[in-house]
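One structure below.
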Amino acid sequence: MRATPPGAQVLLRALECVARLPLLGDRELGQLLGVSEHEALSLRRELERLGWVEWVMPDSAQIQPRRRAFLRPEAVPELAALLGRPPGEITARLAVRRSDVLAGIAAMEAAVGVNALLVGLARESGWRGAALADGRRLPADRRDLPRAGGAGPGEPGRRPSARDFWYPGGVAAYGCLRWGGRVAPFFVAWDRAGTPAWQRRNLLRGWARFRFSENPWGPGGLPPVVIAAAGGAELAQWRDAARWRESRAGEPLPLVRATVPELASAGPGGAIWRTPSDPRRAPLARRLGWRLRGSLPPASRPAAWPAGTAALPRREAAASPPLRSRVRLLGRRRLGARSRRERIALVSLATDREEKRLVEYVGRNPLLDEAQLAALLDLPRAATRRRLDRLLRLGVIAPLSRRAAGDDGGEPPPRFLLSTAGLRWLAARDRVPFSVYACYGAAIALSDGGTRPTRPSRAYRDFEHTLGLNRALVRFAVDARATGARLQAWHPDAASERRFVLADGRSARICPDGAGVLVRGPETCSFLLEYDRGTLDVGRYRQKLLGYRAYFSQEGWRADFPSRPLLLFACARYRGDEIVVRAAERWSPGRELLLAPEWRYESGRDGGILGPVWRRKPGPELDGTLFQWNAVLGGRGGDASGGESPPPMRAPVSAGSAHRRRSAGSGKRSRPERSG
């Protein structure tokens with residue numbers, strides 16, 4: 001029995017939802033329309049049959065593999081004719097251009113997260129009587145959009161300014177709550193864990209510049225930016241950056257913040273939202289600024305959808321192949337530079353969640369080999385090899401053959417780094433410009449020629465040190481699984497920089513070689529890791545140990561870790577731990593640090609790196625495991641030296657990027673860094 005075609009009005013409403021929120025799943029579409037998921041599936045199939053929408057099925061560890069629909073970019077002129085509006089007005093208010101679709105597929109986790117936030121507010125705003133009146137994703141790139149004043153995108157002789165656009169750069173969506181005759185507009189910014197801290201500060205600079213310049217919202221009328229931070233550490237970075245920006249500008253930015261885990265557990269309508277000046281949690285509707293409905297600028301108002309359409313017409317170009325069919329081109333030929341956005345989006349569609357995890361591991365932990373990657377992902381070697389071969393064919397990773405100190409006389413095993421194409425893919429997934437990501441991000445890639453990194457890299461320059469750090473990472477992951485624990489988080493050297501403020505107001509930082517969090521049942525063990533090759537004398541440890549002393553004295557760890565971290569030194573050289581202890585007694589007396597020689601944990605016996613291999617000083621002292629030491633040292637909230645202020649450092653630490661710094665205890669030469 002053939003199903004009855006859905007009515008024209010419900011089809012038009014379904015098309016409006018898909019146009020407003022690209023990559024919308026059937027479940028979310030049904031929630032917006034008030035129908036079941038099965039009925040939403042029928043609506044989506046009918047829109048696909050008529051040639052208006054198509055779907056893709058992205059796969060990632062953060063989202064479920066479901067079919068997600070979007071408006072065909074070539075259908076924009078027909079949609080504009082249906083609404084009685086010029087196409088430029090549609091593309092300026094909705095993310096329906098081809099470039100917007102490709103950017104959304106590349107950043108699929110952010111796109112799906114933003115859709116879930118707006119759909120959740122449409123279901124429950126958290127404030128009785130308030131409802132979501134408008135919610136839509138915004139175009140990713142404003143540069144080639146029509147200007148708010150009606151001028152074309154390429155007006156010569158003048159650079160674009162804030163008054164040319166109705167929303168600031170870096171925001172992903174726009175929403176508006178309505179309560180009676182009043183409205184509360186807001187923008188949405190979706191944060192990712194891989195976003196560099198510099199990019200967060202740069203976004204705040206851009207939002208402040210937009211707010212305090214001439215713009216369609218009027219002086220001081222910019223709506224709040226709702227930030228979904230990736231986690232607690234990222235939330236603290238947003239808070240500190242907003243406070244610093246407020247101290248410079250003298251006026252706070254309208255920011256409302258929550259974390260992605262809070263959104264997943266309580267929903268966007270829950271009491272999870274706070275501002276930089278008020279840490280108390282409240283529903284979103286109580287954190288927004290309410291104004292009269294007529295005060296919204298005309299450019300922010302959505303186009304009216306027709307209410308009397310008899311039937312949604314079938315598009316003439318409905319037979320054009322869908323975007324997902326072009327995935328096969330990745331295996332046949334390389335897409336040219338003009339199709340770079342399309343290539344990034346197709347790679348996102350062509351890879352599964354395990355392959356994406358492989359790329360993330362290779363990018364943030366360079367020079368891992370096949371066996372180490374298989375151990376980190378807990379996959380068989382054969383399955384890991386197949387995935388690596390596929391990523392090599394796609395051109396997102398590159399092998400590096402270089403002999404290490406411990407290799408035998410045969411061919412050295414290939415160790416992997418990102419290619420430039422892979423770095424562009426990670427930058428697009430994290431919604432960060434490529435130039436910023438290559439300079440300030442944690443990932444490292446080889447140049448197009450495959451002979452050198454894209455930027456000066458400690459991982460490439462300090463080859464043996466990086467391999468030793470990779471061995472420690474693998475032991476943490478493997479030994480945690482073997483002992484019933486779990487490596488919940490790992491931050492490599494380029495992402496483990498921690499910033500804090502001294503008592504006198506100076507900013508300072510520490511730059512460990514790695515940082516992580518171990519979980520075993522109800523126990524949480526945070527740690528800072530230094531891999532020491534024993535190539536420095538005692539005096540060269542001064543800056544590093546004074547930084548750690550200040551970090552623990554000021555309790556800077558509270559914004560970075562769920563518990564007080566242990567300071568670990570993994571020593572590669574025989575009796576190298578004695579040099580570290582002499583340096584600690586001189587420059588940081590009373591500061592407990594734990595030492596373990598690499599030869600004791602590298603075999604993995606007796607618990608490996610999580611076994612009884614850690615001690616406070618060389619000698620006959622009994623060794624303990626990390627969780628045993630965490631019960632003794634991890635619960636302390638202050639400095640072991642009595643909480644006195646540390647001696648001043650040689651110079652205030654400037655606010656540069658993590659990869660432009662020196663790790664003083666690992667035999668690496670210092671590099672100056674720019675002031676932030």
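Residues are referred to by chain and number: the chain letter is A, B, ... according to the order shown in the structure tokens, the number counts from 1 in that chain, and ligands are numbered separately from 1 in the order shown.
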
Next item on the list: Run DSSP on the backbone and grab whatever in range 38-107 of chain A lands in strand (DSSP E); send it over as a ChimeraX atom specification.
Entry: /A:53-56,68-71

Write to file, as an mmCIF file, in the first residue's frame, the residues of the selection just made, with N, CA, C and O atoms.
data_model
loop_
_atom_site.group_PDB
_atom_site.id
_atom_site.type_symbol
_atom_site.label_atom_id
_atom_site.label_comp_id
_atom_site.auth_asym_id
_atom_site.auth_seq_id
_atom_site.Cartn_x
_atom_site.Cartn_y
_atom_site.Cartn_z
ATOM 1 N N VAL A 53 16.671 18.687 -1.152
ATOM 2 C CA VAL A 53 17.666 18.387 -0.125
ATOM 3 C C VAL A 53 18.418 17.116 -0.514
ATOM 4 O O VAL A 53 17.975 16.338 -1.384
ATOM 5 N N GLU A 54 19.533 16.903 0.119
ATOM 6 C CA GLU A 54 20.277 15.651 0.066
ATOM 7 C C GLU A 54 20.842 15.379 1.450
ATOM 8 O O GLU A 54 20.700 16.204 2.363
ATOM 9 N N TRP A 55 21.483 14.239 1.628
ATOM 10 C CA TRP A 55 21.946 13.862 2.958
ATOM 11 C C TRP A 55 23.359 13.282 2.883
ATOM 12 O O TRP A 55 23.812 12.813 1.832
ATOM 13 N N VAL A 56 24.025 13.332 4.021
ATOM 14 C CA VAL A 56 25.303 12.659 4.228
ATOM 15 C C VAL A 56 25.224 11.941 5.573
ATOM 16 O O VAL A 56 24.347 12.224 6.396
ATOM 17 N N ARG A 68 22.001 12.988 7.773
ATOM 18 C CA ARG A 68 21.771 14.395 8.132
ATOM 19 C C ARG A 68 21.584 15.190 6.844
ATOM 20 O O ARG A 68 22.436 15.160 5.949
ATOM 21 N N ALA A 69 20.481 15.902 6.778
ATOM 22 C CA ALA A 69 20.045 16.539 5.540
ATOM 23 C C ALA A 69 20.471 17.998 5.498
ATOM 24 O O ALA A 69 20.623 18.663 6.531
ATOM 25 N N PHE A 70 20.640 18.490 4.276
ATOM 26 C CA PHE A 70 20.930 19.907 4.047
ATOM 27 C C PHE A 70 20.345 20.317 2.703
ATOM 28 O O PHE A 70 20.096 19.471 1.815
ATOM 29 N N LEU A 71 20.112 21.604 2.560
ATOM 30 C CA LEU A 71 19.576 22.139 1.313
ATOM 31 C C LEU A 71 20.643 22.072 0.228
ATOM 32 O O LEU A 71 21.801 22.419 0.452
#

Next item on the list: If you run DSSP over the backbone, which residues in range 328-418 of chain A end up alpha helix (DSSP H)? Put them as number ranges by chain.
Entry: A: 329-332, 340-350, 353-364, 370-377, 381-394

Item checked: Top pick for closest residue to Trp52 in chain A, considering A:Arg357, A:Arg293, A:Pro322, A:Val580 and counting only C-alpha atoms ->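 Closest residue, counting only C-alpha atoms: A:Pro322.
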
Check: Neighbours of Pro254 in chain A within 12 Å (only C-alpha atoms; same-chain residues fewer than 3 positions away dropped), as a count of residues only?
Finding: 30

Next item on the list: For CA of Ala229 in chain A and CA of Thr420 in chain A, quote the distance in Å rounded to one decimal.
Entry: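 It comes out at 27.1 Å.
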
Checklist line | Between CA of Ser563 in chain A and CA of Arg582 in chain A - distance in Å to one decimal | finding: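 Rounded to one decimal, the two atoms are 27.4 Å apart.
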
Next item on the list: Measuring atom to atom with only C-alpha atoms, identify which of A:Arg364, A:Arg142, A:Arg386, A:Arg192 is nearest to Arg431 in chain A.
Entry: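 Closest to Arg431 in chain A, using only C-alpha atoms: A:Arg192.
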
So which residues touch Arg381 in chain A within 12 Å, counting only C-alpha atoms, skipping near sequence neighbours fewer than 6 positions away, as a PDB file with C-alpha atoms, in the first residue's frame?
ATOM      1  CA  ASP A 369      54.855   4.195  14.734  1.00  0.00           C
ATOM      2  CA  GLU A 370      52.329   1.549  13.751  1.00  0.00           C
ATOM      3  CA  ALA A 371      52.740  -0.591  16.867  1.00  0.00           C
ATOM      4  CA  GLN A 372      52.325   2.408  19.174  1.00  0.00           C
ATOM      5  CA  LEU A 373      49.202   3.618  17.357  1.00  0.00           C
ATOM      6  CA  ALA A 374      47.680   0.130  17.568  1.00  0.00           C
ATOM      7  CA  ALA A 375      48.355   0.079  21.317  1.00  0.00           C
ATOM      8  CA  ARG A 387      43.612   2.312   8.364  1.00  0.00           C
ATOM      9  CA  LEU A 388      47.082   3.829   8.074  1.00  0.00           C
TER      10      LEU A 388
END

Next item on the list: Compile the contact shell of Ala110 in chain A as a count of residues only: residues with an atom at most 10 Å away, counting only C-alpha atoms, same-chain residues fewer than 5 positions apart removed.
Entry: 15

Note to self: With only C-alpha atoms as the counted atoms, please give the residues lying no more than 7 Å from range 127-134 of chain A, apart from itself and same-chain residues fewer than 2 positions off, as a ChimeraX atom specification.
What the structure shows: /A:121-122,125,136,175-179,285

File dump, residues just selected, all heavy atoms, as a tab-separated table (two decimals), in the first residue's frame:
chain	number	residue	atom	x	y	z
A	121	LEU	N	16.51	24.27	22.70
A	121	LEU	CA	15.83	25.50	23.14
A	121	LEU	C	14.43	25.60	22.54
A	121	LEU	O	13.53	26.17	23.16
A	121	LEU	CB	16.67	26.72	22.74
A	121	LEU	CG	17.95	26.95	23.54
A	121	LEU	CD1	18.72	28.13	22.97
A	121	LEU	CD2	17.64	27.19	25.01
A	122	ALA	N	14.26	25.08	21.33
A	122	ALA	CA	12.91	25.09	20.74
A	122	ALA	C	11.96	24.19	21.52
A	122	ALA	O	10.77	24.49	21.63
A	122	ALA	CB	12.99	24.66	19.28
A	125	SER	N	12.79	26.12	26.64
A	125	SER	CA	13.67	27.28	26.80
A	125	SER	C	14.19	27.43	28.22
A	125	SER	O	15.14	28.18	28.46
A	125	SER	CB	12.94	28.56	26.39
A	125	SER	OG	11.86	28.82	27.28
A	136	ARG	N	19.02	29.75	13.61
A	136	ARG	CA	19.60	29.38	12.31
A	136	ARG	C	21.11	29.42	12.37
A	136	ARG	O	21.70	30.20	13.14
A	136	ARG	CB	19.10	30.31	11.21
A	136	ARG	CG	19.18	31.79	11.56
A	136	ARG	CD	18.37	32.61	10.58
A	136	ARG	NE	17.83	33.80	11.17
A	136	ARG	CZ	18.10	35.04	10.76
A	136	ARG	NH1	18.93	35.24	9.77
A	136	ARG	NH2	17.54	36.07	11.35
A	175	GLY	N	20.23	33.02	17.36
A	175	GLY	CA	18.95	32.62	17.93
A	175	GLY	C	18.27	33.79	18.59
A	175	GLY	O	18.90	34.83	18.88
A	176	CYS	N	16.99	33.65	18.83
A	176	CYS	CA	16.22	34.73	19.45
A	176	CYS	C	15.06	34.11	20.22
A	176	CYS	O	14.24	33.37	19.65
A	176	CYS	CB	15.71	35.71	18.39
A	176	CYS	SG	14.82	37.14	19.07
A	177	LEU	N	15.00	34.40	21.53
A	177	LEU	CA	13.88	33.98	22.36
A	177	LEU	C	12.82	35.08	22.37
A	177	LEU	O	13.14	36.28	22.30
A	177	LEU	CB	14.35	33.69	23.79
A	177	LEU	CG	15.32	32.53	23.98
A	177	LEU	CD1	15.70	32.39	25.46
A	177	LEU	CD2	14.75	31.23	23.45
A	178	ARG	N	11.55	34.69	22.49
A	178	ARG	CA	10.45	35.65	22.52
A	178	ARG	C	9.60	35.38	23.76
A	178	ARG	O	9.28	34.24	24.10
A	178	ARG	CB	9.59	35.53	21.26
A	178	ARG	CG	8.45	36.55	21.23
A	178	ARG	CD	7.61	36.43	19.98
A	178	ARG	NE	6.89	35.16	19.94
A	178	ARG	CZ	7.04	34.24	18.99
A	178	ARG	NH1	7.89	34.45	18.00
A	178	ARG	NH2	6.35	33.12	19.02
A	179	TRP	N	9.25	36.47	24.42
A	179	TRP	CA	8.36	36.39	25.58
A	179	TRP	C	7.43	37.58	25.53
A	179	TRP	O	7.82	38.72	25.83
A	179	TRP	CB	9.18	36.41	26.88
A	179	TRP	CG	8.35	36.23	28.11
A	179	TRP	CD1	7.39	35.30	28.33
A	179	TRP	CD2	8.43	37.03	29.30
A	179	TRP	NE1	6.85	35.45	29.58
A	179	TRP	CE2	7.48	36.50	30.21
A	179	TRP	CE3	9.20	38.12	29.71
A	179	TRP	CZ2	7.28	37.05	31.47
A	179	TRP	CZ3	9.01	38.65	30.97
A	179	TRP	CH2	8.05	38.11	31.84
A	285	ALA	N	17.58	31.93	29.49
A	285	ALA	CA	16.68	33.08	29.34
A	285	ALA	C	16.94	34.16	30.39
A	285	ALA	O	16.66	35.33	30.15
A	285	ALA	CB	15.23	32.62	29.41

Check: Near range 624-629 of chain A, counting only C-alpha atoms, which residues have an atom at most 9 Å away, once you skip same-chain residues fewer than 5 positions from it, shown as JSON, numbers by chain?
Finding: {"A": [518, 520, 523, 524, 525, 566, 594, 607, 609, 610, 611, 612, 613, 614, 615, 634]}

Give me a file of those residues, with all heavy atoms, as a short mmCIF file (atom, residue, chain, number, x, y, z; two decimals), in the first residue's frame.
data_model
loop_
_atom_site.label_atom_id
_atom_site.label_comp_id
_atom_site.auth_asym_id
_atom_site.auth_seq_id
_atom_site.Cartn_x
_atom_site.Cartn_y
_atom_site.Cartn_z
N LEU A 518 44.39 10.34 34.94
CA LEU A 518 44.10 8.91 35.06
C LEU A 518 42.89 8.73 35.97
O LEU A 518 42.75 9.44 36.97
CB LEU A 518 45.30 8.16 35.64
CG LEU A 518 46.55 8.04 34.76
CD1 LEU A 518 47.75 7.67 35.59
CD2 LEU A 518 46.33 7.02 33.65
N ARG A 520 40.54 5.66 37.96
CA ARG A 520 40.34 4.27 38.35
C ARG A 520 39.22 4.24 39.38
O ARG A 520 39.42 4.57 40.55
CB ARG A 520 41.62 3.67 38.93
CG ARG A 520 41.53 2.16 39.19
CD ARG A 520 42.81 1.62 39.76
NE ARG A 520 43.10 2.18 41.08
CZ ARG A 520 44.22 1.92 41.78
NH1 ARG A 520 45.14 1.14 41.25
NH2 ARG A 520 44.40 2.46 42.96
N GLU A 523 38.67 7.14 41.94
CA GLU A 523 39.93 7.86 42.10
C GLU A 523 40.30 8.59 40.82
O GLU A 523 40.13 8.07 39.71
CB GLU A 523 41.06 6.88 42.47
CG GLU A 523 40.86 6.14 43.77
CD GLU A 523 42.00 5.18 44.02
OE1 GLU A 523 43.00 5.58 44.63
OE2 GLU A 523 41.90 4.01 43.58
N THR A 524 40.82 9.79 40.98
CA THR A 524 41.30 10.59 39.87
C THR A 524 42.73 11.02 40.17
O THR A 524 42.99 11.60 41.24
CB THR A 524 40.42 11.83 39.65
OG1 THR A 524 39.08 11.41 39.37
CG2 THR A 524 40.94 12.66 38.49
N CYS A 525 43.63 10.76 39.26
CA CYS A 525 45.05 11.08 39.44
C CYS A 525 45.50 11.94 38.26
O CYS A 525 45.60 11.46 37.14
CB CYS A 525 45.88 9.80 39.53
SG CYS A 525 47.66 10.10 39.68
N LEU A 566 50.30 15.42 40.21
CA LEU A 566 51.62 14.98 40.61
C LEU A 566 52.64 15.46 39.58
O LEU A 566 52.36 15.49 38.38
CB LEU A 566 51.66 13.46 40.70
CG LEU A 566 50.67 12.78 41.66
CD1 LEU A 566 50.77 11.27 41.53
CD2 LEU A 566 50.92 13.21 43.10
N LEU A 594 58.15 13.23 41.83
CA LEU A 594 58.32 11.79 41.77
C LEU A 594 59.20 11.44 40.58
O LEU A 594 59.05 12.03 39.49
CB LEU A 594 56.97 11.09 41.64
CG LEU A 594 55.98 11.34 42.79
CD1 LEU A 594 54.66 10.64 42.52
CD2 LEU A 594 56.57 10.88 44.11
N GLY A 607 52.80 -3.87 36.29
CA GLY A 607 52.05 -2.62 36.19
C GLY A 607 52.69 -1.56 35.36
O GLY A 607 52.08 -0.51 35.10
N ILE A 609 54.33 1.59 33.98
CA ILE A 609 54.47 2.96 34.47
C ILE A 609 53.48 3.26 35.59
O ILE A 609 53.66 4.23 36.34
CB ILE A 609 54.32 3.95 33.30
CG1 ILE A 609 55.01 5.28 33.62
CG2 ILE A 609 52.85 4.18 32.96
CD1 ILE A 609 55.15 6.20 32.43
N LEU A 610 52.45 2.44 35.74
CA LEU A 610 51.51 2.60 36.85
C LEU A 610 51.83 1.65 38.00
O LEU A 610 51.07 1.59 38.97
CB LEU A 610 50.07 2.34 36.38
CG LEU A 610 49.51 3.30 35.34
CD1 LEU A 610 48.02 3.07 35.15
CD2 LEU A 610 49.76 4.75 35.72
N GLY A 611 52.94 0.95 37.90
CA GLY A 611 53.35 0.06 38.96
C GLY A 611 54.19 0.77 40.01
O GLY A 611 54.36 2.00 39.99
N PRO A 612 54.77 0.03 40.95
CA PRO A 612 55.58 0.64 42.03
C PRO A 612 56.98 1.02 41.55
O PRO A 612 57.99 0.41 41.94
CB PRO A 612 55.62 -0.47 43.08
CG PRO A 612 55.48 -1.73 42.31
CD PRO A 612 54.61 -1.43 41.14
N VAL A 613 57.05 2.03 40.70
CA VAL A 613 58.33 2.47 40.14
C VAL A 613 58.66 3.91 40.51
O VAL A 613 59.74 4.40 40.17
CB VAL A 613 58.34 2.30 38.61
CG1 VAL A 613 58.15 0.85 38.22
CG2 VAL A 613 57.25 3.17 37.97
N TRP A 614 57.77 4.60 41.21
CA TRP A 614 57.95 6.02 41.48
C TRP A 614 58.42 6.23 42.91
O TRP A 614 57.92 5.63 43.85
CB TRP A 614 56.64 6.78 41.25
CG TRP A 614 56.17 6.69 39.83
CD1 TRP A 614 55.29 5.79 39.32
CD2 TRP A 614 56.60 7.50 38.74
NE1 TRP A 614 55.11 5.98 37.98
CE2 TRP A 614 55.91 7.04 37.59
CE3 TRP A 614 57.48 8.57 38.61
CZ2 TRP A 614 56.09 7.61 36.34
CZ3 TRP A 614 57.65 9.15 37.37
CH2 TRP A 614 56.97 8.68 36.25
N ARG A 615 59.39 7.14 43.07
CA ARG A 615 59.92 7.48 44.38
C ARG A 615 60.26 8.96 44.40
O ARG A 615 60.40 9.61 43.37
CB ARG A 615 61.15 6.64 44.71
CG ARG A 615 62.30 6.78 43.72
CD ARG A 615 63.51 5.98 44.16
NE ARG A 615 63.19 4.58 44.33
CZ ARG A 615 64.04 3.69 44.81
NH1 ARG A 615 65.25 4.08 45.19
NH2 ARG A 615 63.70 2.42 44.93
N GLY A 634 48.37 14.01 46.33
CA GLY A 634 47.40 14.65 45.44
C GLY A 634 46.30 15.40 46.14
O GLY A 634 45.66 16.25 45.56
#

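In this comparison, which uses only C-alpha atoms, the residue of A:Leu529, A:Ser553, A:Thr535, A:Leu368 approaching Asn470 in chain A most closely is A:Leu368.
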
Notebook entry, point to check: Which one is closest to Arg471 in chain A: A:Ala75, A:Leu377, A:Val10, A:Ala570? Count only C-alpha atoms.
Noted result: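 When distances to Arg471 in chain A are compared using only C-alpha atoms, the smallest one comes from A:Ala570.
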